[in-house]
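For reference, final_3.cif is printed below; it contains mmCIF, N, CA and C atoms.
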data_start
#
loop_
_atom_site.label_atom_id
_atom_site.label_comp_id
_atom_site.auth_asym_id
_atom_site.auth_seq_id
_atom_site.Cartn_x
_atom_site.Cartn_y
_atom_site.Cartn_z
N MET A 1 7.57 36.30 -74.00
CA MET A 1 7.37 37.71 -73.94
C MET A 1 6.13 37.98 -73.09
N THR A 2 6.13 39.09 -72.37
CA THR A 2 5.00 39.42 -71.52
C THR A 2 4.21 40.54 -72.15
N HIS A 3 2.91 40.52 -71.84
CA HIS A 3 2.05 41.59 -72.32
C HIS A 3 1.95 42.65 -71.26
N ALA A 4 1.76 43.83 -71.67
CA ALA A 4 1.66 44.92 -70.73
C ALA A 4 0.41 44.75 -69.89
N GLY A 5 0.57 44.84 -68.59
CA GLY A 5 -0.55 44.75 -67.67
C GLY A 5 -1.01 43.32 -67.43
N GLY A 6 -0.49 42.34 -68.07
CA GLY A 6 -0.90 40.95 -67.88
C GLY A 6 0.13 40.20 -67.07
N SER A 7 -0.25 39.01 -66.64
CA SER A 7 0.69 38.21 -65.87
C SER A 7 1.55 37.41 -66.80
N GLN A 8 2.61 36.95 -66.28
CA GLN A 8 3.53 36.17 -67.07
C GLN A 8 2.95 34.79 -67.33
N PHE A 9 2.16 34.23 -66.38
CA PHE A 9 1.57 32.91 -66.55
C PHE A 9 0.07 33.03 -66.54
N PRO A 10 -0.59 32.27 -67.34
CA PRO A 10 -2.05 32.37 -67.35
C PRO A 10 -2.65 31.72 -66.12
N GLU A 11 -3.79 32.21 -65.65
CA GLU A 11 -4.51 31.65 -64.51
C GLU A 11 -5.12 30.32 -64.92
N PRO A 12 -5.09 29.29 -64.04
CA PRO A 12 -5.70 28.03 -64.42
C PRO A 12 -7.21 28.18 -64.45
N THR A 13 -7.83 27.49 -65.37
CA THR A 13 -9.26 27.59 -65.51
C THR A 13 -9.99 26.37 -64.98
N GLY A 14 -9.32 25.27 -64.79
CA GLY A 14 -9.96 24.03 -64.32
C GLY A 14 -9.59 23.74 -62.87
N PRO A 15 -9.97 22.55 -62.39
CA PRO A 15 -9.62 22.18 -61.01
C PRO A 15 -8.12 22.07 -60.83
N VAL A 16 -7.69 22.36 -59.62
CA VAL A 16 -6.27 22.29 -59.29
C VAL A 16 -5.92 20.83 -59.02
N PRO A 17 -4.91 20.29 -59.67
CA PRO A 17 -4.55 18.88 -59.43
C PRO A 17 -3.99 18.71 -58.02
N PRO A 18 -4.16 17.50 -57.42
CA PRO A 18 -3.61 17.27 -56.07
C PRO A 18 -2.09 17.33 -56.10
N PRO A 19 -1.50 17.67 -54.93
CA PRO A 19 -0.04 17.76 -54.91
C PRO A 19 0.57 16.38 -55.15
N GLN A 20 1.68 16.41 -55.81
CA GLN A 20 2.39 15.16 -56.10
C GLN A 20 3.32 14.83 -54.94
N ALA A 21 3.70 13.53 -54.87
CA ALA A 21 4.60 13.10 -53.80
C ALA A 21 5.91 13.87 -53.89
N GLY A 22 6.36 14.34 -52.74
CA GLY A 22 7.62 15.04 -52.68
C GLY A 22 7.50 16.52 -52.97
N VAL A 23 6.35 16.95 -53.45
CA VAL A 23 6.14 18.36 -53.76
C VAL A 23 5.26 18.94 -52.66
N PRO A 24 5.70 19.99 -51.96
CA PRO A 24 4.89 20.54 -50.88
C PRO A 24 3.59 21.13 -51.42
N GLY A 25 2.53 20.89 -50.67
CA GLY A 25 1.23 21.42 -51.05
C GLY A 25 1.03 22.78 -50.43
N PRO A 26 -0.20 23.29 -50.52
CA PRO A 26 -0.46 24.59 -49.91
C PRO A 26 -0.34 24.48 -48.39
N PRO A 27 0.01 25.55 -47.70
CA PRO A 27 0.20 25.49 -46.25
C PRO A 27 -1.12 25.14 -45.55
N GLN A 28 -1.02 24.30 -44.51
CA GLN A 28 -2.17 23.88 -43.74
C GLN A 28 -2.35 24.83 -42.56
N PRO A 29 -3.60 25.05 -42.13
CA PRO A 29 -3.78 25.89 -40.94
C PRO A 29 -3.22 25.18 -39.72
N PRO A 30 -2.70 25.92 -38.72
CA PRO A 30 -2.12 25.26 -37.54
C PRO A 30 -3.18 24.44 -36.80
N ALA A 31 -2.73 23.28 -36.30
CA ALA A 31 -3.63 22.38 -35.57
C ALA A 31 -3.98 23.00 -34.22
N ALA A 32 -5.19 22.69 -33.75
CA ALA A 32 -5.61 23.19 -32.44
C ALA A 32 -4.73 22.54 -31.37
N PRO A 33 -4.33 23.28 -30.34
CA PRO A 33 -3.46 22.69 -29.31
C PRO A 33 -4.19 21.55 -28.58
N LYS A 34 -3.47 20.42 -28.41
CA LYS A 34 -4.05 19.26 -27.72
C LYS A 34 -3.82 19.39 -26.22
N LYS A 35 -4.74 18.81 -25.44
CA LYS A 35 -4.58 18.82 -23.98
C LYS A 35 -3.40 17.92 -23.63
N SER A 36 -2.67 18.31 -22.64
CA SER A 36 -1.47 17.58 -22.26
C SER A 36 -1.82 16.25 -21.60
N LYS A 37 -1.45 15.17 -22.24
CA LYS A 37 -1.66 13.83 -21.67
C LYS A 37 -0.59 13.54 -20.61
N ARG A 38 0.53 14.22 -20.72
CA ARG A 38 1.62 14.00 -19.77
C ARG A 38 1.17 14.37 -18.35
N ARG A 39 0.48 15.49 -18.22
CA ARG A 39 0.02 15.93 -16.91
C ARG A 39 -0.99 14.93 -16.34
N GLN A 40 -1.88 14.42 -17.18
CA GLN A 40 -2.86 13.43 -16.73
C GLN A 40 -2.15 12.16 -16.25
N LYS A 41 -1.11 11.74 -16.95
CA LYS A 41 -0.36 10.54 -16.55
C LYS A 41 0.33 10.76 -15.21
N ILE A 42 0.88 11.94 -15.01
CA ILE A 42 1.56 12.24 -13.74
C ILE A 42 0.57 12.23 -12.59
N VAL A 43 -0.58 12.87 -12.78
CA VAL A 43 -1.61 12.91 -11.73
C VAL A 43 -2.10 11.49 -11.43
N LEU A 44 -2.33 10.70 -12.46
CA LEU A 44 -2.78 9.32 -12.26
C LEU A 44 -1.74 8.49 -11.52
N THR A 45 -0.48 8.65 -11.88
CA THR A 45 0.60 7.92 -11.21
C THR A 45 0.68 8.29 -9.74
N VAL A 46 0.62 9.57 -9.43
CA VAL A 46 0.68 10.02 -8.03
C VAL A 46 -0.52 9.46 -7.26
N PHE A 47 -1.69 9.50 -7.87
CA PHE A 47 -2.90 8.96 -7.23
C PHE A 47 -2.75 7.47 -6.93
N LEU A 48 -2.26 6.71 -7.89
CA LEU A 48 -2.09 5.27 -7.69
C LEU A 48 -1.05 4.96 -6.60
N ILE A 49 0.00 5.75 -6.55
CA ILE A 49 1.01 5.56 -5.49
C ILE A 49 0.40 5.84 -4.13
N LEU A 50 -0.40 6.89 -4.02
CA LEU A 50 -1.04 7.21 -2.74
C LEU A 50 -2.02 6.11 -2.33
N VAL A 51 -2.79 5.59 -3.27
CA VAL A 51 -3.73 4.51 -2.96
C VAL A 51 -2.97 3.28 -2.49
N ALA A 52 -1.88 2.94 -3.16
CA ALA A 52 -1.07 1.79 -2.77
C ALA A 52 -0.49 1.99 -1.36
N ALA A 53 -0.04 3.19 -1.06
CA ALA A 53 0.52 3.47 0.27
C ALA A 53 -0.55 3.33 1.35
N VAL A 54 -1.74 3.84 1.09
CA VAL A 54 -2.83 3.72 2.08
C VAL A 54 -3.18 2.25 2.29
N LEU A 55 -3.28 1.49 1.21
CA LEU A 55 -3.59 0.06 1.34
C LEU A 55 -2.50 -0.68 2.11
N ALA A 56 -1.25 -0.32 1.87
CA ALA A 56 -0.14 -0.95 2.59
C ALA A 56 -0.22 -0.63 4.08
N LEU A 57 -0.53 0.61 4.42
CA LEU A 57 -0.65 0.99 5.83
C LEU A 57 -1.81 0.25 6.51
N VAL A 58 -2.93 0.13 5.81
CA VAL A 58 -4.07 -0.61 6.37
C VAL A 58 -3.69 -2.06 6.59
N TRP A 59 -2.99 -2.65 5.62
CA TRP A 59 -2.58 -4.05 5.76
C TRP A 59 -1.64 -4.23 6.96
N VAL A 60 -0.68 -3.34 7.09
CA VAL A 60 0.26 -3.44 8.21
C VAL A 60 -0.46 -3.28 9.55
N ALA A 61 -1.39 -2.33 9.59
CA ALA A 61 -2.10 -2.04 10.85
C ALA A 61 -3.06 -3.16 11.24
N THR A 62 -3.53 -3.92 10.29
CA THR A 62 -4.53 -4.94 10.61
C THR A 62 -3.99 -6.37 10.50
N ARG A 63 -2.70 -6.52 10.41
CA ARG A 63 -2.14 -7.87 10.37
C ARG A 63 -2.53 -8.62 11.63
N SER A 64 -2.58 -9.92 11.51
CA SER A 64 -3.01 -10.72 12.64
C SER A 64 -1.85 -11.32 13.43
N ASN A 65 -0.66 -10.82 13.26
CA ASN A 65 0.47 -11.32 14.05
C ASN A 65 0.26 -11.03 15.52
N GLY A 66 0.62 -11.99 16.34
CA GLY A 66 0.46 -11.83 17.78
C GLY A 66 1.22 -10.66 18.35
N GLU A 67 2.33 -10.30 17.76
CA GLU A 67 3.10 -9.17 18.27
C GLU A 67 2.34 -7.85 18.16
N ASN A 68 1.29 -7.82 17.38
CA ASN A 68 0.46 -6.62 17.24
C ASN A 68 -0.73 -6.62 18.18
N ALA A 69 -0.90 -7.67 18.96
CA ALA A 69 -2.06 -7.78 19.85
C ALA A 69 -1.98 -6.76 20.97
N GLN A 70 -3.14 -6.26 21.33
CA GLN A 70 -3.26 -5.31 22.43
C GLN A 70 -4.14 -5.93 23.52
N ALA A 71 -4.13 -5.35 24.71
CA ALA A 71 -4.99 -5.83 25.79
C ALA A 71 -6.43 -5.80 25.31
N GLY A 72 -7.14 -6.90 25.54
CA GLY A 72 -8.53 -7.01 25.11
C GLY A 72 -8.70 -7.81 23.83
N ASN A 73 -7.62 -7.97 23.04
CA ASN A 73 -7.70 -8.80 21.84
C ASN A 73 -7.76 -10.27 22.21
N CYS A 74 -8.36 -11.05 21.34
CA CYS A 74 -8.35 -12.50 21.51
C CYS A 74 -7.36 -13.10 20.53
N VAL A 75 -6.71 -14.16 20.96
CA VAL A 75 -5.72 -14.83 20.13
C VAL A 75 -5.92 -16.33 20.20
N THR A 76 -5.27 -17.01 19.28
CA THR A 76 -5.24 -18.47 19.30
C THR A 76 -3.81 -18.90 19.06
N GLU A 77 -3.42 -20.01 19.65
CA GLU A 77 -2.08 -20.52 19.42
C GLU A 77 -2.05 -21.09 18.01
N SER A 78 -1.06 -20.69 17.28
CA SER A 78 -0.95 -21.09 15.88
C SER A 78 0.48 -21.52 15.61
N GLY A 79 0.80 -22.73 15.98
CA GLY A 79 2.16 -23.23 15.79
C GLY A 79 3.00 -23.05 17.02
N ASP A 80 4.25 -23.45 16.89
CA ASP A 80 5.18 -23.38 18.01
C ASP A 80 5.57 -21.93 18.29
N ASN A 81 5.27 -21.46 19.49
CA ASN A 81 5.62 -20.11 19.93
C ASN A 81 5.10 -19.03 18.97
N TYR A 82 3.85 -19.16 18.59
CA TYR A 82 3.23 -18.17 17.72
C TYR A 82 1.76 -18.08 18.05
N VAL A 83 1.26 -16.86 18.19
CA VAL A 83 -0.16 -16.65 18.37
C VAL A 83 -0.67 -15.75 17.26
N LYS A 84 -1.95 -15.90 16.98
CA LYS A 84 -2.58 -15.16 15.90
C LYS A 84 -3.81 -14.46 16.46
N ILE A 85 -3.98 -13.19 16.12
CA ILE A 85 -5.15 -12.43 16.55
C ILE A 85 -6.39 -12.95 15.82
N VAL A 86 -7.45 -13.22 16.58
CA VAL A 86 -8.71 -13.68 16.00
C VAL A 86 -9.86 -12.89 16.61
N ASP A 87 -11.02 -12.99 16.00
CA ASP A 87 -12.23 -12.35 16.50
C ASP A 87 -12.66 -13.06 17.78
N CYS A 88 -12.96 -12.31 18.82
CA CYS A 88 -13.32 -12.91 20.11
C CYS A 88 -14.61 -13.72 20.04
N GLY A 89 -15.43 -13.55 19.03
CA GLY A 89 -16.67 -14.29 18.90
C GLY A 89 -16.52 -15.65 18.24
N THR A 90 -15.34 -15.97 17.76
CA THR A 90 -15.14 -17.24 17.07
C THR A 90 -14.67 -18.31 18.03
N PRO A 91 -14.90 -19.58 17.69
CA PRO A 91 -14.42 -20.68 18.54
C PRO A 91 -12.89 -20.75 18.62
N GLU A 92 -12.20 -20.14 17.66
CA GLU A 92 -10.73 -20.14 17.69
C GLU A 92 -10.18 -19.30 18.84
N ALA A 93 -10.96 -18.38 19.34
CA ALA A 93 -10.51 -17.45 20.38
C ALA A 93 -10.39 -18.17 21.71
N THR A 94 -9.26 -18.83 21.91
CA THR A 94 -9.07 -19.61 23.14
C THR A 94 -8.35 -18.82 24.23
N LEU A 95 -7.71 -17.71 23.84
CA LEU A 95 -6.97 -16.90 24.81
C LEU A 95 -7.29 -15.43 24.61
N LYS A 96 -7.29 -14.69 25.71
CA LYS A 96 -7.52 -13.24 25.66
C LYS A 96 -6.30 -12.54 26.23
N VAL A 97 -5.91 -11.44 25.61
CA VAL A 97 -4.75 -10.68 26.06
C VAL A 97 -5.19 -9.84 27.26
N VAL A 98 -4.61 -10.16 28.43
CA VAL A 98 -4.89 -9.41 29.65
C VAL A 98 -4.04 -8.15 29.70
N ALA A 99 -2.79 -8.28 29.25
CA ALA A 99 -1.87 -7.14 29.26
C ALA A 99 -0.80 -7.33 28.20
N ARG A 100 -0.25 -6.22 27.77
CA ARG A 100 0.88 -6.21 26.83
C ARG A 100 2.01 -5.46 27.53
N VAL A 101 3.16 -6.10 27.64
CA VAL A 101 4.30 -5.51 28.33
C VAL A 101 5.46 -5.42 27.33
N GLU A 102 5.99 -4.22 27.17
CA GLU A 102 7.06 -3.97 26.19
C GLU A 102 8.44 -4.12 26.82
N ASP A 103 9.42 -4.33 25.99
CA ASP A 103 10.85 -4.29 26.35
C ASP A 103 11.23 -5.25 27.48
N LYS A 104 10.90 -6.51 27.31
CA LYS A 104 11.28 -7.54 28.29
C LYS A 104 12.04 -8.64 27.55
N THR A 105 13.02 -9.20 28.23
CA THR A 105 13.74 -10.34 27.66
C THR A 105 12.88 -11.59 27.83
N ARG A 106 13.29 -12.68 27.20
CA ARG A 106 12.56 -13.93 27.34
C ARG A 106 12.54 -14.39 28.79
N ILE A 107 13.66 -14.25 29.50
CA ILE A 107 13.75 -14.66 30.91
C ILE A 107 12.79 -13.81 31.76
N GLU A 108 12.82 -12.48 31.56
CA GLU A 108 11.92 -11.61 32.31
C GLU A 108 10.47 -11.97 32.03
N ALA A 109 10.16 -12.33 30.80
CA ALA A 109 8.80 -12.70 30.44
C ALA A 109 8.37 -13.94 31.22
N GLN A 110 9.24 -14.92 31.32
CA GLN A 110 8.89 -16.17 31.99
C GLN A 110 8.82 -16.02 33.51
N ILE A 111 9.65 -15.13 34.07
CA ILE A 111 9.72 -15.02 35.52
C ILE A 111 8.72 -14.02 36.10
N SER A 112 8.71 -12.78 35.56
CA SER A 112 7.98 -11.75 36.29
C SER A 112 7.13 -10.78 35.49
N ALA A 113 7.16 -10.83 34.18
CA ALA A 113 6.47 -9.80 33.39
C ALA A 113 4.97 -9.77 33.63
N CYS A 114 4.36 -10.94 33.88
CA CYS A 114 2.90 -10.99 34.05
C CYS A 114 2.46 -11.15 35.50
N THR A 115 3.39 -11.05 36.45
CA THR A 115 3.05 -11.18 37.87
C THR A 115 1.99 -10.16 38.31
N PRO A 116 2.03 -8.92 37.83
CA PRO A 116 1.00 -7.95 38.24
C PRO A 116 -0.40 -8.27 37.70
N TYR A 117 -0.53 -9.29 36.88
CA TYR A 117 -1.81 -9.62 36.26
C TYR A 117 -2.23 -11.03 36.69
N PRO A 118 -2.94 -11.15 37.81
CA PRO A 118 -3.27 -12.47 38.35
C PRO A 118 -4.20 -13.29 37.46
N ASP A 119 -4.91 -12.67 36.55
CA ASP A 119 -5.78 -13.41 35.63
C ASP A 119 -4.99 -14.13 34.54
N ALA A 120 -3.74 -13.77 34.35
CA ALA A 120 -2.94 -14.35 33.27
C ALA A 120 -2.58 -15.80 33.58
N ASP A 121 -2.94 -16.70 32.65
CA ASP A 121 -2.61 -18.12 32.77
C ASP A 121 -1.36 -18.49 31.98
N GLN A 122 -1.10 -17.75 30.91
CA GLN A 122 0.02 -18.06 30.02
C GLN A 122 0.77 -16.78 29.68
N VAL A 123 2.01 -16.98 29.25
CA VAL A 123 2.86 -15.87 28.83
C VAL A 123 3.33 -16.14 27.42
N PHE A 124 3.21 -15.15 26.58
CA PHE A 124 3.74 -15.25 25.21
C PHE A 124 4.76 -14.14 25.03
N TRP A 125 5.96 -14.52 24.59
CA TRP A 125 7.02 -13.54 24.34
C TRP A 125 7.38 -13.56 22.87
N GLN A 126 7.51 -12.39 22.26
CA GLN A 126 7.90 -12.27 20.86
C GLN A 126 9.07 -11.32 20.76
N GLY A 127 10.17 -11.78 20.20
CA GLY A 127 11.34 -10.93 20.02
C GLY A 127 12.51 -11.75 19.52
N LYS A 128 13.68 -11.11 19.41
CA LYS A 128 14.89 -11.79 18.99
C LYS A 128 15.61 -12.29 20.23
N GLU A 129 16.12 -13.49 20.15
CA GLU A 129 16.83 -14.09 21.28
C GLU A 129 18.01 -13.20 21.68
N GLY A 130 18.14 -12.95 22.98
CA GLY A 130 19.20 -12.10 23.50
C GLY A 130 18.85 -10.62 23.50
N GLU A 131 17.68 -10.26 23.00
CA GLU A 131 17.23 -8.87 22.99
C GLU A 131 15.89 -8.78 23.69
N THR A 132 15.39 -7.56 23.81
CA THR A 132 14.07 -7.40 24.42
C THR A 132 12.99 -7.56 23.37
N GLY A 133 11.79 -7.86 23.87
CA GLY A 133 10.66 -8.05 22.97
C GLY A 133 9.36 -7.69 23.66
N VAL A 134 8.28 -8.20 23.11
CA VAL A 134 6.94 -7.92 23.60
C VAL A 134 6.42 -9.14 24.36
N VAL A 135 5.80 -8.89 25.50
CA VAL A 135 5.20 -9.97 26.29
C VAL A 135 3.68 -9.78 26.27
N LEU A 136 2.97 -10.86 25.98
CA LEU A 136 1.51 -10.86 26.09
C LEU A 136 1.14 -11.73 27.26
N CYS A 137 0.43 -11.17 28.21
CA CYS A 137 -0.08 -11.93 29.34
C CYS A 137 -1.48 -12.41 28.94
N LEU A 138 -1.66 -13.72 28.89
CA LEU A 138 -2.86 -14.32 28.32
C LEU A 138 -3.71 -15.06 29.35
N ALA A 139 -5.01 -14.97 29.21
CA ALA A 139 -5.94 -15.70 30.05
C ALA A 139 -6.81 -16.57 29.14
N LYS A 140 -7.17 -17.76 29.63
CA LYS A 140 -8.05 -18.66 28.84
C LYS A 140 -9.44 -18.06 28.77
N THR A 141 -10.08 -18.22 27.61
CA THR A 141 -11.41 -17.66 27.42
C THR A 141 -12.51 -18.63 27.83
N GLY A 142 -12.18 -19.89 28.06
CA GLY A 142 -13.18 -20.89 28.43
C GLY A 142 -13.84 -21.54 27.23
N LYS A 143 -13.33 -21.28 26.03
CA LYS A 143 -13.92 -21.89 24.83
C LYS A 143 -13.21 -23.16 24.48
#

Give the structure from the file, written as structure tokens.
Amino acid sequence: MTHAGGSQFPEPTGPVPPPQAGVPGPPQPPAAPKKSKRRQKIVLTVFLILVAAVLALVWVATRSNGENAQAGNCVTESGDNYVKIVDCGTPEATLKVVARVEDKTRIEAQISACTPYPDADQVFWQGKEGETGVVLCLAKTGK
């Protein structure tokens, strides 16, 4: 039975017991919004890809393959039909590129590609057999 003006249940006078397992407790205030880690991961991934691309381009541009040699570069013979770009100040620098001639076959390289360059002592051709390639007209450095 209820009393007039009173509540049906008496107010607790002691501490409130902790919620039991499976019984929902009082509502919690909403958590503060967290900064998006997803956006940070995307930015970091894009940055790392760009750094890798720049490093790859630098590596390709500075390779020491003879086919990348330009007039004025020094090279050394490194194996059968292969030259390697080296620093002109080193003892390895036995040959200097007098000229670079593009789009010549192996026969053209041997016969006439370096004729306009009287300082050239040797001819180096790089390409696929039966196709055109790059000719380096080389002069001895005296080392």

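Each of A:Ile107, A:Asp121, A:Ala93, A:Ala99 was checked against Val135 of chain A using all atoms listed in the file; the smallest atom-to-atom distance is that of A:Ala99.
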
Can you tell me, as a PyMOL selection string, what residues are no more than 8 Å from Leu138 of chain A when counting only C-alpha atoms, ignoring any on the same chain fewer than 2 positions away? chain A and resi 95-99+119-124+136+140

Could those selected residues go to a file with N, CA and C atoms, as a PDB file, in the frame of the given file?
ATOM      1  N   LEU A  95      -7.710 -17.710  23.840  1.00  0.00           N
ATOM      2  CA  LEU A  95      -6.970 -16.900  24.810  1.00  0.00           C
ATOM      3  C   LEU A  95      -7.290 -15.430  24.610  1.00  0.00           C
ATOM      4  N   LYS A  96      -7.290 -14.690  25.710  1.00  0.00           N
ATOM      5  CA  LYS A  96      -7.520 -13.240  25.660  1.00  0.00           C
ATOM      6  C   LYS A  96      -6.300 -12.540  26.230  1.00  0.00           C
ATOM      7  N   VAL A  97      -5.910 -11.440  25.610  1.00  0.00           N
ATOM      8  CA  VAL A  97      -4.750 -10.680  26.060  1.00  0.00           C
ATOM      9  C   VAL A  97      -5.190  -9.840  27.260  1.00  0.00           C
ATOM     10  N   VAL A  98      -4.610 -10.160  28.430  1.00  0.00           N
ATOM     11  CA  VAL A  98      -4.890  -9.410  29.650  1.00  0.00           C
ATOM     12  C   VAL A  98      -4.040  -8.150  29.700  1.00  0.00           C
ATOM     13  N   ALA A  99      -2.790  -8.280  29.250  1.00  0.00           N
ATOM     14  CA  ALA A  99      -1.870  -7.140  29.260  1.00  0.00           C
ATOM     15  C   ALA A  99      -0.800  -7.330  28.200  1.00  0.00           C
ATOM     16  N   ASP A 119      -4.910 -12.670  36.550  1.00  0.00           N
ATOM     17  CA  ASP A 119      -5.780 -13.410  35.630  1.00  0.00           C
ATOM     18  C   ASP A 119      -4.990 -14.130  34.540  1.00  0.00           C
ATOM     19  N   ALA A 120      -3.740 -13.770  34.350  1.00  0.00           N
ATOM     20  CA  ALA A 120      -2.940 -14.350  33.270  1.00  0.00           C
ATOM     21  C   ALA A 120      -2.580 -15.800  33.580  1.00  0.00           C
ATOM     22  N   ASP A 121      -2.940 -16.700  32.650  1.00  0.00           N
ATOM     23  CA  ASP A 121      -2.610 -18.120  32.770  1.00  0.00           C
ATOM     24  C   ASP A 121      -1.360 -18.490  31.980  1.00  0.00           C
ATOM     25  N   GLN A 122      -1.100 -17.750  30.910  1.00  0.00           N
ATOM     26  CA  GLN A 122       0.020 -18.060  30.020  1.00  0.00           C
ATOM     27  C   GLN A 122       0.770 -16.780  29.680  1.00  0.00           C
ATOM     28  N   VAL A 123       2.010 -16.980  29.250  1.00  0.00           N
ATOM     29  CA  VAL A 123       2.860 -15.870  28.830  1.00  0.00           C
ATOM     30  C   VAL A 123       3.330 -16.140  27.420  1.00  0.00           C
ATOM     31  N   PHE A 124       3.210 -15.150  26.580  1.00  0.00           N
ATOM     32  CA  PHE A 124       3.740 -15.250  25.210  1.00  0.00           C
ATOM     33  C   PHE A 124       4.760 -14.140  25.030  1.00  0.00           C
ATOM     34  N   LEU A 136       2.970 -10.860  25.980  1.00  0.00           N
ATOM     35  CA  LEU A 136       1.510 -10.860  26.090  1.00  0.00           C
ATOM     36  C   LEU A 136       1.140 -11.730  27.260  1.00  0.00           C
ATOM     37  N   LYS A 140      -7.170 -17.760  29.630  1.00  0.00           N
ATOM     38  CA  LYS A 140      -8.050 -18.660  28.840  1.00  0.00           C
ATOM     39  C   LYS A 140      -9.440 -18.060  28.770  1.00  0.00           C
TER      40      LYS A 140
END

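Counting from atom N of Ile42 of chain A, the distance to atom N of Val54 of chain A is 18.2 Å.
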
Given the file above and the PyMOL selection byres ((chain A and resi 67-82) around 7), which residues are selected, and can you give them as a JSON list (two decimals) with N, CA and C atoms, keeping the file's coordinate frame?
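The result, written out as expr.json:
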[["chain", "number", "residue", "atom", "x", "y", "z"],
["A", 63, "ARG", "N", -2.70, -6.52, 10.41],
["A", 63, "ARG", "CA", -2.14, -7.87, 10.37],
["A", 63, "ARG", "C", -2.53, -8.62, 11.63],
["A", 64, "SER", "N", -2.58, -9.92, 11.51],
["A", 64, "SER", "CA", -3.01, -10.72, 12.64],
["A", 64, "SER", "C", -1.85, -11.32, 13.43],
["A", 65, "ASN", "N", -0.66, -10.82, 13.26],
["A", 65, "ASN", "CA", 0.47, -11.32, 14.05],
["A", 65, "ASN", "C", 0.26, -11.03, 15.52],
["A", 66, "GLY", "N", 0.62, -11.99, 16.34],
["A", 66, "GLY", "CA", 0.46, -11.83, 17.78],
["A", 66, "GLY", "C", 1.22, -10.66, 18.35],
["A", 83, "VAL", "N", 1.26, -16.86, 18.19],
["A", 83, "VAL", "CA", -0.16, -16.65, 18.37],
["A", 83, "VAL", "C", -0.67, -15.75, 17.26],
["A", 84, "LYS", "N", -1.95, -15.90, 16.98],
["A", 84, "LYS", "CA", -2.58, -15.16, 15.90],
["A", 84, "LYS", "C", -3.81, -14.46, 16.46],
["A", 85, "ILE", "N", -3.98, -13.19, 16.12],
["A", 85, "ILE", "CA", -5.15, -12.43, 16.55],
["A", 85, "ILE", "C", -6.39, -12.95, 15.82],
["A", 86, "VAL", "N", -7.45, -13.22, 16.58],
["A", 86, "VAL", "CA", -8.71, -13.68, 16.00],
["A", 86, "VAL", "C", -9.86, -12.89, 16.61],
["A", 87, "ASP", "N", -11.02, -12.99, 16.00],
["A", 87, "ASP", "CA", -12.23, -12.35, 16.50],
["A", 87, "ASP", "C", -12.66, -13.06, 17.78],
["A", 88, "CYS", "N", -12.96, -12.31, 18.82],
["A", 88, "CYS", "CA", -13.32, -12.91, 20.11],
["A", 88, "CYS", "C", -14.61, -13.72, 20.04],
["A", 92, "GLU", "N", -12.20, -20.14, 17.66],
["A", 92, "GLU", "CA", -10.73, -20.14, 17.69],
["A", 92, "GLU", "C", -10.18, -19.30, 18.84],
["A", 93, "ALA", "N", -10.96, -18.38, 19.34],
["A", 93, "ALA", "CA", -10.51, -17.45, 20.38],
["A", 93, "ALA", "C", -10.39, -18.17, 21.71],
["A", 94, "THR", "N", -9.26, -18.83, 21.91],
["A", 94, "THR", "CA", -9.07, -19.61, 23.14],
["A", 94, "THR", "C", -8.35, -18.82, 24.23],
["A", 95, "LEU", "N", -7.71, -17.71, 23.84],
["A", 95, "LEU", "CA", -6.97, -16.90, 24.81],
["A", 95, "LEU", "C", -7.29, -15.43, 24.61],
["A", 96, "LYS", "N", -7.29, -14.69, 25.71],
["A", 96, "LYS", "CA", -7.52, -13.24, 25.66],
["A", 96, "LYS", "C", -6.30, -12.54, 26.23],
["A", 97, "VAL", "N", -5.91, -11.44, 25.61],
["A", 97, "VAL", "CA", -4.75, -10.68, 26.06],
["A", 97, "VAL", "C", -5.19, -9.84, 27.26],
["A", 98, "VAL", "N", -4.61, -10.16, 28.43],
["A", 98, "VAL", "CA", -4.89, -9.41, 29.65],
["A", 98, "VAL", "C", -4.04, -8.15, 29.70],
["A", 99, "ALA", "N", -2.79, -8.28, 29.25],
["A", 99, "ALA", "CA", -1.87, -7.14, 29.26],
["A", 99, "ALA", "C", -0.80, -7.33, 28.20],
["A", 100, "ARG", "N", -0.25, -6.22, 27.77],
["A", 100, "ARG", "CA", 0.88, -6.21, 26.83],
["A", 100, "ARG", "C", 2.01, -5.46, 27.53],
["A", 126, "GLN", "N", 7.51, -12.39, 22.26],
["A", 126, "GLN", "CA", 7.90, -12.27, 20.86],
["A", 126, "GLN", "C", 9.07, -11.32, 20.76],
["A", 134, "VAL", "N", 8.28, -8.20, 23.11],
["A", 134, "VAL", "CA", 6.94, -7.92, 23.60],
["A", 134, "VAL", "C", 6.42, -9.14, 24.36]]

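Across the structure, atom CA of Gln110 of chain A and atom CA of Glu129 of chain A are spaced 13.5 Å apart.
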
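From atom CA of Leu57 of chain A back to atom CA of Gly89 of chain A, the distance works out to 25.7 Å.
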
Out of segment 73-117 of chain A, which residues get strand (DSSP E) from DSSP, as a PyMOL selection string? chain A and resi 74-77+83-86+95-104

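With distances restricted to only N, CA and C atoms, A:Thr105 is the closest residue to Lys128 of chain A from A:Thr105, A:Gln40, A:Thr45, A:Gln28.
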